[in-house]
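Containing compact mmCIF, C-alpha atoms and all ligand atoms: target14.txt.
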# COMPACT_ATOMS: atom_id res chain seq x y z
CA MET A 1 2.19 -1.66 24.69
CA ILE A 2 -0.04 -1.10 21.66
CA ALA A 3 -1.05 2.36 22.88
CA GLU A 4 2.59 3.29 23.45
CA LYS A 5 3.56 2.16 19.98
CA ILE A 6 0.75 4.17 18.41
CA LEU A 7 1.69 7.32 20.31
CA LYS A 8 5.38 6.96 19.51
CA LEU A 9 4.75 6.31 15.82
CA LYS A 10 2.35 9.25 15.56
CA SER A 11 4.83 11.59 17.22
CA GLU A 12 7.34 10.72 14.47
CA LEU A 13 5.01 11.32 11.54
CA PRO A 14 4.86 14.56 9.56
CA ALA A 15 1.47 16.27 9.98
CA ASN A 16 0.36 15.44 6.42
CA VAL A 17 0.86 11.67 6.78
CA THR A 18 -2.11 9.54 7.87
CA LEU A 19 -1.45 6.39 9.85
CA VAL A 20 -3.57 3.39 8.88
CA ALA A 21 -3.21 0.87 11.72
CA VAL A 22 -3.33 -2.52 10.01
CA SER A 23 -5.23 -4.79 12.40
CA LYS A 24 -5.74 -7.86 10.19
CA THR A 25 -5.78 -11.14 12.16
CA LYS A 26 -5.70 -9.17 15.47
CA PRO A 27 -8.56 -9.37 18.01
CA VAL A 28 -10.93 -6.50 18.79
CA GLU A 29 -9.27 -6.08 22.20
CA ASP A 30 -6.05 -5.03 20.46
CA ILE A 31 -7.93 -2.61 18.24
CA LEU A 32 -9.60 -1.08 21.30
CA GLN A 33 -6.21 -0.43 22.88
CA ALA A 34 -5.18 1.49 19.78
CA TYR A 35 -8.55 3.24 19.75
CA GLN A 36 -8.07 4.36 23.35
CA ALA A 37 -4.75 5.88 22.31
CA GLY A 38 -6.68 8.01 19.82
CA GLN A 39 -6.26 5.93 16.66
CA ARG A 40 -9.36 6.02 14.42
CA VAL A 41 -8.18 4.67 11.07
CA PHE A 42 -7.78 0.90 10.76
CA GLY A 43 -6.89 -1.30 7.79
CA GLU A 44 -8.06 -4.84 7.10
CA ASN A 45 -7.38 -7.08 4.12
CA LYS A 46 -10.39 -9.41 4.35
CA VAL A 47 -13.93 -8.15 3.89
CA GLN A 48 -15.59 -10.62 6.24
CA GLU A 49 -13.16 -9.89 9.05
CA MET A 50 -13.58 -6.16 8.56
CA CYS A 51 -17.38 -6.47 8.68
CA ASP A 52 -17.24 -8.48 11.93
CA LYS A 53 -14.94 -5.90 13.53
CA TYR A 54 -17.11 -3.05 12.28
CA GLU A 55 -20.10 -4.60 14.07
CA ALA A 56 -18.17 -5.11 17.31
CA LEU A 57 -16.34 -1.78 17.60
CA PRO A 58 -17.10 1.95 18.00
CA LYS A 59 -18.79 3.50 14.99
CA ASP A 60 -16.43 6.44 14.63
CA ILE A 61 -13.69 4.11 13.37
CA GLN A 62 -12.79 4.63 9.72
CA TRP A 63 -12.31 1.26 8.07
CA HIS A 64 -9.93 0.93 5.14
CA LEU A 65 -9.88 -2.17 2.99
CA ILE A 66 -6.21 -2.50 2.03
CA GLY A 67 -5.95 -5.91 0.36
CA HIS A 68 -6.94 -7.44 -2.95
CA LEU A 69 -10.69 -7.30 -3.39
CA GLN A 70 -13.05 -9.59 -5.27
CA THR A 71 -16.10 -8.00 -6.87
CA ASN A 72 -18.54 -10.34 -5.13
CA LYS A 73 -17.42 -9.07 -1.69
CA VAL A 74 -17.96 -5.37 -2.30
CA LYS A 75 -21.62 -5.41 -1.25
CA TYR A 76 -20.87 -6.49 2.31
CA MET A 77 -18.77 -3.47 3.17
CA ALA A 78 -20.36 -0.85 0.89
CA PRO A 79 -22.52 0.56 3.73
CA PHE A 80 -19.56 1.62 5.84
CA VAL A 81 -16.11 1.28 4.24
CA SER A 82 -14.22 4.55 4.34
CA LEU A 83 -11.46 3.96 1.76
CA ILE A 84 -10.71 1.08 -0.61
CA HIS A 85 -6.95 1.02 -1.30
CA ALA A 86 -6.58 -1.66 -3.92
CA VAL A 87 -8.70 -0.91 -6.99
CA ASP A 88 -6.98 -2.71 -9.84
CA SER A 89 -9.62 -3.03 -12.57
CA LEU A 90 -12.46 -1.15 -14.21
CA LYS A 91 -14.75 -4.05 -13.38
CA LEU A 92 -14.04 -3.66 -9.67
CA LEU A 93 -14.58 0.09 -9.84
CA GLN A 94 -17.92 -0.48 -11.59
CA GLU A 95 -19.00 -2.84 -8.86
CA ILE A 96 -17.99 -0.40 -6.10
CA ASN A 97 -19.93 2.33 -7.90
CA LYS A 98 -23.00 0.11 -8.14
CA GLU A 99 -22.97 -0.91 -4.48
CA ALA A 100 -22.18 2.62 -3.31
CA LYS A 101 -25.19 3.86 -5.25
CA LYS A 102 -27.45 1.29 -3.57
CA ASN A 103 -26.27 2.68 -0.24
CA ASN A 104 -26.64 6.27 -1.35
CA ARG A 105 -22.92 6.86 -0.77
CA VAL A 106 -19.84 8.01 -2.59
CA ILE A 107 -16.97 5.63 -1.79
CA ASP A 108 -13.37 6.83 -1.88
CA CYS A 109 -10.95 4.55 -3.74
CA LEU A 110 -7.25 4.42 -4.55
CA LEU A 111 -5.82 2.95 -7.74
CA GLN A 112 -3.32 0.24 -6.90
CA PHE A 113 -0.17 0.22 -9.00
CA HIS A 114 2.22 -2.62 -9.51
CA ILE A 115 5.57 -1.11 -8.54
CA ALA A 116 7.41 -4.10 -7.05
CA GLN A 117 9.65 -6.44 -9.02
CA GLU A 118 7.94 -9.51 -7.60
CA ASP A 119 5.15 -10.54 -9.94
CA THR A 120 3.03 -11.88 -7.08
CA LYS A 121 1.71 -8.43 -6.27
CA PHE A 122 -1.50 -7.10 -7.74
CA GLY A 123 -1.87 -3.75 -9.38
CA LEU A 124 -2.18 -1.73 -12.54
CA ASP A 125 0.52 -0.42 -14.78
CA PHE A 126 0.42 3.18 -15.90
CA ASP A 127 -1.34 2.49 -19.21
CA GLU A 128 -4.02 0.35 -17.62
CA ALA A 129 -4.78 3.10 -15.12
CA THR A 130 -4.98 5.68 -17.88
CA GLU A 131 -7.37 3.45 -19.80
CA ILE A 132 -9.70 3.28 -16.79
CA LEU A 133 -9.60 7.04 -16.27
CA LYS A 134 -10.34 7.73 -19.91
CA SER A 135 -13.18 5.25 -20.19
CA GLU A 136 -16.77 6.23 -20.83
CA SER A 137 -17.79 3.97 -17.99
CA TYR A 138 -15.63 5.78 -15.43
CA PHE A 139 -16.84 9.13 -16.72
CA GLU A 140 -20.40 8.13 -15.90
CA MET A 141 -19.71 6.92 -12.35
CA GLU A 142 -21.25 9.12 -9.70
CA ASN A 143 -20.70 7.04 -6.58
CA VAL A 144 -16.95 6.53 -6.51
CA ARG A 145 -14.29 9.12 -5.97
CA ILE A 146 -10.68 8.35 -6.83
CA ALA A 147 -8.68 9.82 -3.97
CA GLY A 148 -5.18 8.84 -5.07
CA VAL A 149 -2.83 5.90 -5.59
CA MET A 150 -1.47 2.96 -3.62
CA GLY A 151 1.46 0.60 -4.03
CA MET A 152 3.65 -1.95 -2.29
CA ALA A 153 7.41 -2.04 -2.72
CA SER A 154 9.43 -5.26 -3.06
CA PHE A 155 10.37 -7.11 0.12
CA THR A 156 14.09 -6.49 -0.03
CA ASP A 157 16.95 -5.05 2.00
CA ASN A 158 17.98 -3.08 -1.05
CA THR A 159 17.03 0.43 0.05
CA GLU A 160 17.74 1.95 -3.34
CA GLN A 161 15.35 -0.40 -5.04
CA VAL A 162 12.60 0.40 -2.54
CA GLU A 163 13.26 4.12 -3.02
CA ASP A 164 13.04 3.70 -6.79
CA GLU A 165 9.73 1.87 -6.54
CA PHE A 166 8.19 4.47 -4.23
CA ARG A 167 9.50 7.23 -6.47
CA THR A 168 7.78 5.57 -9.42
CA LEU A 169 4.47 5.66 -7.57
CA TYR A 170 5.03 9.29 -6.57
CA ASN A 171 5.65 10.19 -10.21
CA TYR A 172 2.54 8.29 -11.37
CA PHE A 173 0.52 10.23 -8.82
CA HIS A 174 1.70 13.58 -10.13
CA ILE A 175 1.30 12.71 -13.81
CA ILE A 176 -2.21 11.38 -13.22
CA LYS A 177 -3.08 14.40 -11.11
CA SER A 178 -2.01 16.80 -13.84
CA HIS A 179 -3.80 14.85 -16.59
CA HIS A 180 -7.03 13.85 -14.89
CA PHE A 181 -7.49 15.59 -11.52
CA LYS A 182 -5.86 18.96 -11.93
CA PHE A 183 -8.77 20.80 -10.32
CA ASN A 184 -9.84 18.03 -7.95
CA PRO A 185 -8.29 18.50 -4.51
CA GLU A 186 -9.78 15.18 -3.40
CA PHE A 187 -7.18 13.39 -5.52
CA ARG A 188 -4.47 13.72 -2.88
CA GLU A 189 -3.32 10.44 -1.32
CA ILE A 190 -0.21 8.38 -1.97
CA SER A 191 -0.65 5.23 0.12
CA MET A 192 2.78 3.67 0.45
CA GLY A 193 4.90 2.32 3.30
CA MET A 194 4.50 -0.60 5.72
CA SER A 195 6.30 -1.59 8.94
CA GLY A 196 9.55 -2.37 7.14
CA ASP A 197 9.71 0.58 4.80
CA TYR A 198 7.47 3.42 5.96
CA GLN A 199 10.39 5.73 6.73
CA ILE A 200 11.63 5.40 3.16
CA ALA A 201 8.07 5.88 1.90
CA ILE A 202 7.65 9.11 3.85
CA ALA A 203 10.95 10.43 2.53
CA GLU A 204 9.63 9.67 -0.98
CA GLY A 205 6.37 11.55 -0.48
CA SER A 206 3.90 9.14 1.11
CA THR A 207 0.74 10.71 2.56
CA MET A 208 -0.63 7.49 4.05
CA ILE A 209 1.28 4.62 5.64
CA ARG A 210 -0.20 1.20 6.40
CA VAL A 211 1.52 -0.20 9.48
CA GLY A 212 0.59 -3.48 11.15
CA SER A 213 3.28 -5.55 12.84
CA SER A 214 5.21 -2.56 14.24
CA ILE A 215 2.09 -1.68 16.23
CA PHE A 216 0.34 -4.96 16.97
CA GLY A 217 3.26 -7.39 16.85
CA GLY A 218 3.91 -10.24 14.44
CA ARG A 219 1.13 -12.23 12.83
C1 LIG B 301 -0.52 -6.53 5.94
C2 LIG B 301 -0.43 -5.33 5.08
C3 LIG B 301 0.22 -4.16 5.52
C4 LIG B 301 0.92 -4.06 6.87
O1 LIG B 301 2.06 -4.84 6.90
P1 LIG B 301 3.10 -4.79 8.13
O2 LIG B 301 4.36 -5.27 7.55
O3 LIG B 301 2.55 -5.68 9.18
O4 LIG B 301 3.18 -3.37 8.59
C5 LIG B 301 0.23 -3.06 4.69
N1 LIG B 301 -0.37 -3.10 3.47
C6 LIG B 301 -1.00 -4.18 3.01
C7 LIG B 301 -1.63 -4.15 1.67
C8 LIG B 301 -1.04 -5.33 3.80
O5 LIG B 301 -1.67 -6.43 3.32

Written form, structure tokens:
Amino acid sequence: MIAEKILKLKSELPANVTLVAVSKTKPVEDILQAYQAGQRVFGENKVQEMCDKYEALPKDIQWHLIGHLQTNKVKYMAPFVSLIHAVDSLKLLQEINKEAKKNNRVIDCLLQFHIAQEDTKFGLDFDEATEILKSESYFEMENVRIAGVMGMASFTDNTEQVEDEFRTLYNYFHIIKSHHFKFNPEFREISMGMSGDYQIAIAEGSTMIRVGSSIFGGR
């Protein structure tokens, strides 16, 4: 079942869209089924759980941390994490840079933007992001690489609202690219779209969708 869902979903995706299979709360057996169907990119939202799964599973899996991240947890995953989706403060970026340096790595990160109307969701606004990118501290960081942006739309049946929110993120991406990363091809990802809204997200320019329940079932 899981393998079939992965294959079907992948066959529907444009070539430039990466599927992050969100395996949070699911056992390693489920992840292995997806792995055997060729899936290599998995997303988790808790550091401890991701570390345990990293230990138990094949080492060519790319692990993405997709959820809110506390600075004191960064050190546990710094040796192996492939992409951190939810950077929402300079302090967190500084910590990632510090731990990446200790591991002699450069860690890819996305800036998380607050695009939903619900105020429960984390993320930066445009000015806060600009402040980070203009800061002396960011300028001196050698062990993080900002690879793009991430956001979550409101949970609503209102398609137009979801479209508007994704479009906002798409526009932020392009403004930030032209102001700060014009000659940096590594700034390229727009991580938006989940099980309920990934088709809208792709239509609005997503390059990376994070899909859990449509693959692994409800949690
Ligand atoms: C859980 C989660 C997802 C996946 O959600 P589904 O609705 O199960 O596809 C995507 N992004 C983030 C940040 C999540 O926490």

Once you count all atoms listed in the file, which residues end up within 6 Å of ligand LIG 301 (chain B), and could you hand them over as a short mmCIF file (atom, residue, chain, number, x, y, z; two decimals) with C-alpha atoms, keeping the file's coordinate frame?
data_model
loop_
_atom_site.label_atom_id
_atom_site.label_comp_id
_atom_site.auth_asym_id
_atom_site.auth_seq_id
_atom_site.Cartn_x
_atom_site.Cartn_y
_atom_site.Cartn_z
CA VAL A 22 -3.33 -2.52 10.01
CA ASN A 45 -7.38 -7.08 4.12
CA ILE A 66 -6.21 -2.50 2.03
CA GLY A 67 -5.95 -5.91 0.36
CA MET A 194 4.50 -0.60 5.72
CA SER A 195 6.30 -1.59 8.94
CA GLY A 196 9.55 -2.37 7.14
CA ARG A 210 -0.20 1.20 6.40
CA VAL A 211 1.52 -0.20 9.48
CA GLY A 212 0.59 -3.48 11.15
CA SER A 213 3.28 -5.55 12.84
#

note = In Å and to one decimal, CA of Ser214 (chain A) is distant from CA of Ala15 (chain A) by 19.7 Å

remark   = Judged by only C-alpha atoms, the minimum distance to Val20 (chain A) among A:Tyr35, A:Phe166, A:Phe126, A:Phe42 is found for A:Phe42

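The smallest atom-to-atom distance between Arg105 (chain A) and any of A:Leu133, A:Ala3, A:Ile200, A:Val81, using all atoms listed in the file, is found for A:Val81.
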
request  = Report the distance between CA of Ile190 (chain A) and CA of Ala21 (chain A) in Å, rounded to one decimal place.
outcome  = 15.9 Å

note = Judged by all atoms listed in the file, the minimum distance to Gly43 (chain A) among A:Val162, A:Met77, A:Thr71, A:Lys24 is found for A:Lys24

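For the set A:Gln112, A:Tyr138, A:Asp127, A:Tyr54, the residue with the smallest atom-to-atom gap to Leu93 (chain A) is A:Tyr138, counting all atoms listed in the file.
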
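Selection around (-2.2, 8.3, 22.2) with radius 9 Å, counting only C-alpha atoms, yields the residues Ala3, Glu4, Lys5, Ile6, Leu7, Lys8, Lys10, Ala34, Tyr35, Gln36, Ala37, Gly38 and Gln39 of chain A.
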
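In this structure, CA of Val28 (chain A) sits 9.5 Å away from CA of Asp52 (chain A).
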
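Each of A:Ser11, A:Ser82, A:Asn143, A:Ser135 was checked against Val106 (chain A) using only C-alpha atoms; the smallest atom-to-atom distance is that of A:Asn143.
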
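For the residues A:Asp164, A:Asp88, A:Glu29, A:Glu128, ranking by smallest atom-to-atom distance to Cys109 (chain A) using only C-alpha atoms places A:Asp88 first.
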
task = For Gly148 (chain A), work out the shell of residues within 10 Å, counting all atoms listed in the file and skipping chain neighbours fewer than 5 positions away, then give it as a VMD selection string.
result = chain A and resid 85 108 to 112 172 to 174 176 to 177 181 186 to 191 207

request  = Place a sphere of radius 12 Å on (12.4, 3.0, -4.1) in the file coordinates and name every protein, DNA or RNA residue with an atom inside or on its surface, counting all atoms listed in the file; give the answer as a PyMOL selection string.
outcome  = chain A and resi 115-117+151-171+192-193+197-206

Since the input lacks atoms, please generate N, CA and C atoms for region 124-145 of chain A and provide them as an mmCIF file, keeping the file's coordinate frame.
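The resulting part_23.cif:
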data_model
loop_
_atom_site.group_PDB
_atom_site.id
_atom_site.type_symbol
_atom_site.label_atom_id
_atom_site.label_comp_id
_atom_site.auth_asym_id
_atom_site.auth_seq_id
_atom_site.Cartn_x
_atom_site.Cartn_y
_atom_site.Cartn_z
ATOM 1 N N LEU A 124 -2.124 -2.213 -11.162
ATOM 2 C CA LEU A 124 -2.180 -1.730 -12.540
ATOM 3 C C LEU A 124 -0.809 -1.247 -12.981
ATOM 4 N N ASP A 125 -0.593 -1.217 -14.289
ATOM 5 C CA ASP A 125 0.520 -0.420 -14.780
ATOM 6 C C ASP A 125 -0.042 0.928 -15.245
ATOM 7 N N PHE A 126 0.854 1.804 -15.627
ATOM 8 C CA PHE A 126 0.420 3.180 -15.900
ATOM 9 C C PHE A 126 -0.623 3.225 -17.022
ATOM 10 N N ASP A 127 -0.406 2.456 -18.080
ATOM 11 C CA ASP A 127 -1.340 2.490 -19.210
ATOM 12 C C ASP A 127 -2.714 1.954 -18.849
ATOM 13 N N GLU A 128 -2.723 0.908 -18.052
ATOM 14 C CA GLU A 128 -4.020 0.350 -17.620
ATOM 15 C C GLU A 128 -4.810 1.368 -16.798
ATOM 16 N N ALA A 129 -4.101 2.080 -15.947
ATOM 17 C CA ALA A 129 -4.780 3.100 -15.120
ATOM 18 C C ALA A 129 -5.340 4.213 -16.011
ATOM 19 N N THR A 130 -4.530 4.631 -16.974
ATOM 20 C CA THR A 130 -4.980 5.680 -17.880
ATOM 21 C C THR A 130 -6.215 5.247 -18.662
ATOM 22 N N GLU A 131 -6.215 3.978 -19.069
ATOM 23 C CA GLU A 131 -7.370 3.450 -19.800
ATOM 24 C C GLU A 131 -8.653 3.540 -18.960
ATOM 25 N N ILE A 132 -8.533 3.190 -17.685
ATOM 26 C CA ILE A 132 -9.700 3.280 -16.790
ATOM 27 C C ILE A 132 -10.179 4.735 -16.716
ATOM 28 N N LEU A 133 -9.234 5.638 -16.509
ATOM 29 C CA LEU A 133 -9.600 7.040 -16.270
ATOM 30 C C LEU A 133 -10.162 7.714 -17.513
ATOM 31 N N LYS A 134 -9.832 7.152 -18.672
ATOM 32 C CA LYS A 134 -10.340 7.730 -19.910
ATOM 33 C C LYS A 134 -11.627 7.064 -20.385
ATOM 34 N N SER A 135 -12.047 6.032 -19.692
ATOM 35 C CA SER A 135 -13.180 5.250 -20.190
ATOM 36 C C SER A 135 -14.504 5.982 -19.996
ATOM 37 N N GLU A 136 -15.405 5.720 -20.893
ATOM 38 C CA GLU A 136 -16.770 6.230 -20.830
ATOM 39 C C GLU A 136 -17.428 5.800 -19.517
ATOM 40 N N SER A 137 -17.189 4.542 -19.181
ATOM 41 C CA SER A 137 -17.790 3.970 -17.990
ATOM 42 C C SER A 137 -17.373 4.741 -16.732
ATOM 43 N N TYR A 138 -16.094 5.025 -16.599
ATOM 44 C CA TYR A 138 -15.630 5.780 -15.430
ATOM 45 C C TYR A 138 -16.228 7.184 -15.429
ATOM 46 N N PHE A 139 -16.304 7.771 -16.590
ATOM 47 C CA PHE A 139 -16.840 9.130 -16.720
ATOM 48 C C PHE A 139 -18.263 9.220 -16.175
ATOM 49 N N GLU A 140 -18.999 8.126 -16.326
ATOM 50 C CA GLU A 140 -20.400 8.130 -15.900
ATOM 51 C C GLU A 140 -20.600 7.764 -14.420
ATOM 52 N N MET A 141 -19.548 7.366 -13.750
ATOM 53 C CA MET A 141 -19.710 6.920 -12.350
ATOM 54 C C MET A 141 -19.908 8.119 -11.430
ATOM 55 N N GLU A 142 -20.956 8.019 -10.612
ATOM 56 C CA GLU A 142 -21.250 9.120 -9.700
ATOM 57 C C GLU A 142 -21.040 8.751 -8.242
ATOM 58 N N ASN A 143 -20.761 7.493 -7.975
ATOM 59 C CA ASN A 143 -20.700 7.040 -6.580
ATOM 60 C C ASN A 143 -19.338 6.514 -6.151
ATOM 61 N N VAL A 144 -18.324 6.773 -6.969
ATOM 62 C CA VAL A 144 -16.950 6.530 -6.510
ATOM 63 C C VAL A 144 -16.160 7.811 -6.706
ATOM 64 N N ARG A 145 -15.172 7.973 -5.853
ATOM 65 C CA ARG A 145 -14.290 9.120 -5.970
ATOM 66 C C ARG A 145 -12.865 8.593 -5.858
#
